[in-house]
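Before any comments, here is the structure.
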Amino acid sequence: MDRAEALLRARIHSGAYAQGTRLRERELSETLGVSRIPVREALVRLAAEGLVVLSPRRGASVRRLTLRDVDELFDLRLSLEVFAARRAAEIAARGGEHPALQRIMDQAEEATRRDCADDIAAANTAFHAEIVTMTGNRLLQASLQPSLGLMHWLFRITSAGAGPRVHCEEHKQLCHAVYSGRPQLAEALAYAHIDIRREPTLRSLSGLLPAE
């Protein structure tokens, strides 16, 4: 990830660039201290993640997130990630090796111990994406890719209290189920981990985001 992309993503996640904010290449290049080319490339990548909207006439702007977007994201995750968890465990049961998930889990635990919200959100997003990667299904990965930025954003703005520690423990259980080659358990844990958060997340965001 280059510097321009990292800085833009961090400022969107933190709210420094609020939803709907116009992202003008010239202004961004001056603010970030880089040329317009890396800024333009970063905006394209962030648009692919769902954080930025590119319009032929208006240029780039920070995506406006709605409660409907959040609800639909939960639908998508239940459709893709639950299947991915089961398939990843099936692959592990056949002897497939994929050490990256454990490395990400270690990073998530360390971030949780430090109580660093940015690193926790990044590690949690990477954890879920890595389970999809473990399936080796390119279409599945391509289906999740446009939502990774929204996932990271959502993890960041809803991280508070004991939430990160609970997330971390649930991720450890899911990680163990996958590596143990237990498809049904991995599937059940993935479903519960995602679905149980839909209602409280929507409720906590109801005063912050518009319905549509």
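Labels for the structure tokens follow display order: chains A, B, ..., residues from 1 in each chain, ligands from 1.
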How close does each residue of stretch 122-200 of chain A get to stretch 71-92 of chain A, giving the shortest atom pair and distance in Å to one decimal for every residue with an atom at most 9 Å away, counting only C-alpha atoms, sorted by chain and residue number, as a tab-separated table?
```
residue	atom	partner	partner_atom	distance
A:His128	CA	A:Glu81	CA	7.3
A:Ala129	CA	A:Glu81	CA	8.5
A:Ile131	CA	A:Ala85	CA	6.2
A:Val132	CA	A:Ala84	CA	5.2
A:Thr133	CA	A:Ala84	CA	8.4
A:Met134	CA	A:Ala88	CA	5.5
A:Thr135	CA	A:Ala88	CA	5.2
A:Gly136	CA	A:Ala88	CA	8.7
A:Asn137	CA	A:Ala84	CA	8.9
A:Leu140	CA	A:Leu80	CA	7.0
A:Ser143	CA	A:Leu80	CA	8.1
A:Leu144	CA	A:Leu80	CA	7.4
A:Ser147	CA	A:Leu73	CA	7.4
A:Leu150	CA	A:Leu73	CA	8.2
A:Met151	CA	A:Leu73	CA	7.9
A:Leu174	CA	A:Ala85	CA	8.1
A:Ala177	CA	A:Ala89	CA	7.0
A:Val178	CA	A:Ala89	CA	4.2
A:Tyr179	CA	A:Ala92	CA	5.8
A:Ser180	CA	A:Ala92	CA	7.1
A:Gly181	CA	A:Ala89	CA	4.4
A:Arg182	CA	A:Ala89	CA	5.6
A:Pro183	CA	A:Arg86	CA	4.4
A:Gln184	CA	A:Arg86	CA	6.4
A:Leu185	CA	A:Arg86	CA	8.0
A:Ala186	CA	A:Ala85	CA	5.6
A:Glu187	CA	A:Arg86	CA	4.9
A:Ala188	CA	A:Val82	CA	7.7
A:Leu189	CA	A:Val82	CA	8.4
A:Ala190	CA	A:Val82	CA	5.4
A:Tyr191	CA	A:Val82	CA	5.6
A:Ile194	CA	A:Leu78	CA	6.8
A:Asp195	CA	A:Phe74	CA	7.2
A:Arg197	CA	A:Phe74	CA	8.8
A:Arg198	CA	A:Phe74	CA	6.6
A:Glu199	CA	A:Asp71	CA	8.9
```
Using only C-alpha atoms, which residues of stretch 136-183 of chain A come within 8 Å of stretch 43-48 of chain A, and what is the closest atom pair for each, with the distance in Å to one decimal? Give it as a Markdown table, sorted by chain and residue number.
```
| residue | atom | partner | partner_atom | distance |
| --- | --- | --- | --- | --- |
| A:Gln145 | CA | A:Ala48 | CA | 7.3 |
| A:Pro146 | CA | A:Ala48 | CA | 5.3 |
| A:Gly149 | CA | A:Leu46 | CA | 7.3 |
```
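When only C-alpha atoms are used to compute distances to A:His13, the closest of the residues A:Glu110, A:Glu27, A:Glu212, A:Asp118 turns out to be A:Asp118.
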Can you list, as an mmCIF file with N, CA and C atoms, in the first residue's frame, every protein, DNA or RNA residue that comes within 9 Å of A:Leu23 when you count only C-alpha atoms, leaving out same-chain residues fewer than 3 positions away?
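Wrote selection-v8.cif, looks like this:
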```cif
data_model
loop_
_atom_site.group_PDB
_atom_site.id
_atom_site.type_symbol
_atom_site.label_atom_id
_atom_site.label_comp_id
_atom_site.auth_asym_id
_atom_site.auth_seq_id
_atom_site.Cartn_x
_atom_site.Cartn_y
_atom_site.Cartn_z
ATOM 1 N N TYR A 17 -12.128 13.126 6.684
ATOM 2 C CA TYR A 17 -12.844 13.390 5.443
ATOM 3 C C TYR A 17 -14.233 12.791 5.616
ATOM 4 N N ARG A 26 -5.954 17.811 -6.956
ATOM 5 C CA ARG A 26 -4.957 18.850 -6.729
ATOM 6 C C ARG A 26 -4.818 19.174 -5.249
ATOM 7 N N GLU A 27 -5.932 19.348 -4.572
ATOM 8 C CA GLU A 27 -5.894 19.671 -3.147
ATOM 9 C C GLU A 27 -5.264 18.534 -2.347
ATOM 10 N N LEU A 28 -5.630 17.300 -2.691
ATOM 11 C CA LEU A 28 -5.094 16.146 -1.968
ATOM 12 C C LEU A 28 -3.589 16.018 -2.184
ATOM 13 N N LEU A 43 -7.298 6.817 -5.251
ATOM 14 C CA LEU A 43 -8.748 7.012 -5.297
ATOM 15 C C LEU A 43 -9.428 5.866 -6.043
ATOM 16 N N VAL A 52 -14.882 5.152 -1.701
ATOM 17 C CA VAL A 52 -14.926 6.358 -2.523
ATOM 18 C C VAL A 52 -15.852 6.127 -3.709
ATOM 19 N N GLY A 59 -16.276 14.003 -10.080
ATOM 20 C CA GLY A 59 -14.983 13.510 -9.620
ATOM 21 C C GLY A 59 -15.157 12.532 -8.480
ATOM 22 N N ALA A 60 -14.234 12.562 -7.523
ATOM 23 C CA ALA A 60 -14.250 11.613 -6.407
ATOM 24 C C ALA A 60 -14.848 12.249 -5.154
ATOM 25 N N SER A 61 -15.538 11.430 -4.377
ATOM 26 C CA SER A 61 -16.067 11.881 -3.091
ATOM 27 C C SER A 61 -16.138 10.697 -2.142
ATOM 28 N N VAL A 62 -16.138 10.988 -0.864
ATOM 29 C CA VAL A 62 -16.264 9.931 0.137
ATOM 30 C C VAL A 62 -17.684 9.379 0.084
#
```
* Return as number ranges by chain the full set of residues in stretch 16-181 of chain A whose backbone-based DSSP assignment is helix (DSSP H, G or I). => A: 25-32, 36-48, 67-93, 100-114, 117-134, 138-157, 163-179
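When only C-alpha atoms are used to compute distances to A:Arg22, the closest of the residues A:Arg9, A:Ala100, A:Ala4, A:Ser55 turns out to be A:Ser55.
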* Asked: Got a sec: who's within 10 Å of A:Leu208, counting only C-alpha atoms, leaving out chain neighbours fewer than 3 positions off, as a list in words?
  -> Leu65, Thr66, Leu67, Leu202, Arg203, Ser204, Leu205 and Ala211 of chain A
* **Contact residues around A:Arg64 with only C-alpha atoms at 9 Å, ignoring same-chain residues under 4 positions, as a PyMOL selection string** => chain A and resi 18-21+51-53+209
Can you spit out the residues from that selection as a short mmCIF file (atom, residue, chain, number, x, y, z; two decimals), in the first residue's frame, using N, CA and C atoms?
```
data_model
loop_
_atom_site.label_atom_id
_atom_site.label_comp_id
_atom_site.auth_asym_id
_atom_site.auth_seq_id
_atom_site.Cartn_x
_atom_site.Cartn_y
_atom_site.Cartn_z
N ALA A 18 -15.19 13.63 5.90
CA ALA A 18 -16.54 13.17 6.22
C ALA A 18 -17.22 12.58 4.98
N GLN A 19 -18.27 11.84 5.22
CA GLN A 19 -19.03 11.25 4.13
C GLN A 19 -19.57 12.35 3.22
N GLY A 20 -19.42 12.13 1.92
CA GLY A 20 -19.87 13.10 0.94
C GLY A 20 -18.83 14.15 0.58
N THR A 21 -17.70 14.17 1.30
CA THR A 21 -16.66 15.16 1.03
C THR A 21 -16.06 14.97 -0.36
N LEU A 51 -15.11 2.69 -0.52
CA LEU A 51 -14.98 3.87 0.34
C LEU A 51 -15.17 5.18 -0.42
N VAL A 52 -14.88 5.15 -1.70
CA VAL A 52 -14.93 6.36 -2.52
C VAL A 52 -15.85 6.13 -3.71
N VAL A 53 -16.54 7.17 -4.10
CA VAL A 53 -17.41 7.12 -5.27
C VAL A 53 -16.79 7.99 -6.36
N LEU A 209 -26.46 7.65 10.91
CA LEU A 209 -26.58 7.45 9.48
C LEU A 209 -28.02 7.58 9.01
#
```
* **Between atom CA of A:Gly163 and atom CA of A:Met105, distance in Å (one decimal)** => 16.1 Å
* Asked: If you run DSSP on this backbone, which residues of stretch 46-190 of chain A come out as strand (DSSP E or B), and could you give them as a ChimeraX atom specification?
  -> /A:52-55,59-62
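Here atom CA of A:Cys168 is placed at a distance of 22.8 Å from atom CA of A:Gln141.
Separating atom CA of A:Arg36 from atom CA of A:Ala123 is a distance of 29.3 Å.
Near A:Ile120, within 8 Å and counting only C-alpha atoms, sit Ala108, Ala111, Thr112, Arg156 and Pro164 of chain A, not including residues fewer than 6 positions from it in the same chain.
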Take the residues that were just selected and, keeping N, CA and C atoms, output them as a PDB file, in the first residue's frame.
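Everything below was put into again18.pdb:
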```pdb
ATOM      1  N   ALA A 108      -4.001  -9.487  15.370  1.00  0.00           N
ATOM      2  CA  ALA A 108      -5.250  -9.004  15.972  1.00  0.00           C
ATOM      3  C   ALA A 108      -5.180  -9.054  17.495  1.00  0.00           C
ATOM      4  N   ALA A 111      -2.936  -6.208  18.657  1.00  0.00           N
ATOM      5  CA  ALA A 111      -3.622  -4.921  18.546  1.00  0.00           C
ATOM      6  C   ALA A 111      -4.677  -4.763  19.641  1.00  0.00           C
ATOM      7  N   THR A 112      -5.350  -5.863  19.958  1.00  0.00           N
ATOM      8  CA  THR A 112      -6.368  -5.831  21.003  1.00  0.00           C
ATOM      9  C   THR A 112      -5.739  -5.578  22.370  1.00  0.00           C
ATOM     10  N   ARG A 156     -14.214   0.130  12.468  1.00  0.00           N
ATOM     11  CA  ARG A 156     -13.556   1.271  13.126  1.00  0.00           C
ATOM     12  C   ARG A 156     -14.560   2.136  13.880  1.00  0.00           C
ATOM     13  N   PRO A 164     -13.975  -5.150  21.065  1.00  0.00           N
ATOM     14  CA  PRO A 164     -12.792  -5.729  20.433  1.00  0.00           C
ATOM     15  C   PRO A 164     -12.305  -7.007  21.103  1.00  0.00           C
TER      16      PRO A 164
END
```
